[in-house]
Structures are given as structure tokens and as C-alpha cells.
Amino acid sequence: MPRKIRLRKVVEPPRFKGYRPFGVNSKSRKSIDLLYEEYEALKLADYDLLKHDEAAGLMGISRPTFARIYESARRKIAAALVEAKEIRTVFGNAVMDKNWYLCSKCNARFNIPETMDKETCPACNSKHIELINK
Amino acid sequence: MKTIITSTGNQLNSIFDLRFGRAGWFCLYDDQSGEISFIENENINSQSGAGTKTVEKVVELGAQKVISGDFGPKAKELLEKFNIQMVLLQDDNSTVQHIIDKLKS
């Protein structure tokens with residue numbers, strides 16, 4: 001059994017649903033799925049101009065993993081440009097960078113809305129909870 | 001406080017459903033009265049917007065907490081707006097009864 005993919009932190013989802021080439025006569029409109037974390041990796045590295053190390057830290061993954069995601073993003077975008085395909089953004093293995101907590105007893109992940117001030121796990125009432133996004 | 005647990009069936013021994021918008025059934029549990037009821041998901045086969053429609057249902061039922069495997073981006077955003085707590089469990093073998101027992105503990 002391979003290890004489960006760890007969720008990658010994404011500060012903000014992309015503000016678009018996709019991109020579509022124009023000037024091409026494509027009846028069979030094929031598309032490429034760009035994952036949120038790939039978009040985020042590209043944004044952090046090439047728009048915010050962070051070092052891969054820092055960007056990986058922000059997304060809560062290791063630098064090699066970041067490099068893999070970043071490379072996959074670049075390749076997908078290049079493929080879309082060359083093959084005149086649509087780019088669609090899909091959720092992927094992302095988690096939004098808001099306050100998410102983890103219960104160390106039952107491994108439940110949860111958020112605490114502003115209207116609630118309970119500091120216990122909502123699934124098992126354990127007090128051993130920790131913030132996952134540092 | 002009312003809690004919604006996504007379930008694959010309408011029985012207490014049904015397996016917990018990891019999907020939210022396309023879960024088979026919703027178990028509504030009221031921890032004050034101890035009442036448990038099951039509601040069928042009407043959006044299970046809808047082409048799109050299952051998550052958002054399900055959030056509407058949750059708000060309608062007056063639940064303040066939803067326990068599921070994961071939520072889509074739209075559902076997450078909406079639930080956050082309505083101040084509904086999201087609880088994500090990765091355990092795909094536990095039954096609804098098991099989760100309710102944990103809630104009571």
C-alpha cells in the first residue's frame with residue numbers, strides 16, 4: 001500500500017476555472033487538469049518569486065515534493081500551450097490555508113468557526129488538539 | 001447541537017461515507033435530545049453542484065457540525081460562511097453508530 005498523499009496547503013484557490021485557447025478550430029475540445037497545488041506551486045515560485053525551500057515550507061511539504069509538483073505544473077501548462085488544449089483547475093490534494101486543527105487522539109481534522117469557542121475535538125471531545133497550519 | 005454524519009445507508013450500522021455532496025444518506029444526530037434520524041440525499045446523481053445543494057440542506061436542517069471524509073472547495077467556502085463546523089475523518093471502516101458513540105464520550 002503506498003503512503004497516502006499528504007494534503008498540500010493552498011492559501012487561495014485560483015481566481016479562474018480555466019483557460020481556453022482561441023483561434024483554434026477544436027471541436028473535440030480536450031483539456032488538461034491543473035491541480036490547485038500545482039497552481040499554488042507555480043504562483044509561489046514564479047509569481048511571488050520565493051525560493052523552493054520557502055515555498056515548500058508554506059505549503060507544508062518537503063522541498064523535493066515541491067519541486068515535483070512545480071515541474072508537473074510547468075509540464076502541464078507547456079503541454080496545454082503546445083497542444084492548444086484547455087486548462088481546467090481541479091481541487092487535487094489541497095487544503096485551504098485556514099485554521100485547521102488535528103485531534104491527536106482520533107486523527108479527525110476540523111475547523112472551529114468563529115461562533116464556537118470550544119477547544120475540544122468535535123468528534124471525540126478530547127482536549128489534545130493541535131493547529132496543523134503553522 | 002445538531003450534527004450531520006454522512007452515511008452510506010439508513011441504518012445505524014451503515015458504514016460512514018467519505019463523500020459529502022454525494023453521500024448516500026445523512027444521519028442527523030441531536031446531542032441534546034439524543035434523537036437520530038436519517039435523510040436521503042437527493043443530489044447524489046446530480047451532474048454538478050451536489051456540494052452546494054447539500055450545504056443548503058444542512059443549513060435547512062439546522063445542523064452546526066458536519067462529519068464527513070472531505071469537502072469540495074465550494075462546499076468548504078459555503079460551510080465556512082454559515083459558521084458550520086467541518087470535521088474530516090479518514091477512517092473508512094467505522095459505522096455511524098461508532099461515530100455517535102465517540103461523540104457521546
# chains A, B, ... in the order shown; residues from 1 in each chain; ligands from 1

call {"tool": "interface_residues", "arguments": {"of": "chain A", "to": "chain B", "cutoff": "9 Å", "atoms": "only C-alpha atoms", "output": "ChimeraX atom specification"}}
result
/A:13,91,95-96,106-116,122-126

call {"tool": "select_by_dssp", "arguments": {"residues": "chain B", "states": "helix (DSSP H, G or I)", "output": "MDAnalysis selection string"}}
result
chainID B and resid 50:61 73:81 96:104

call {"tool": "atom_distance", "arguments": {"atom1": "CA of Gly23 in chain A", "atom2": "CA of Leu35 in chain A"}}
result
25.6 Å

call {"tool": "atom_distance", "arguments": {"atom1": "CA of Gly57 in chain A", "atom2": "CA of Glu38 in chain A"}}
result
14.9 Å

call {"tool": "closest_residue", "arguments": {"among": "B:Asn41, B:Ser94, B:Gln11, B:Ser48", "to": "Trp25 in chain B", "atoms": "only C-alpha atoms"}}
result
B:Asn41
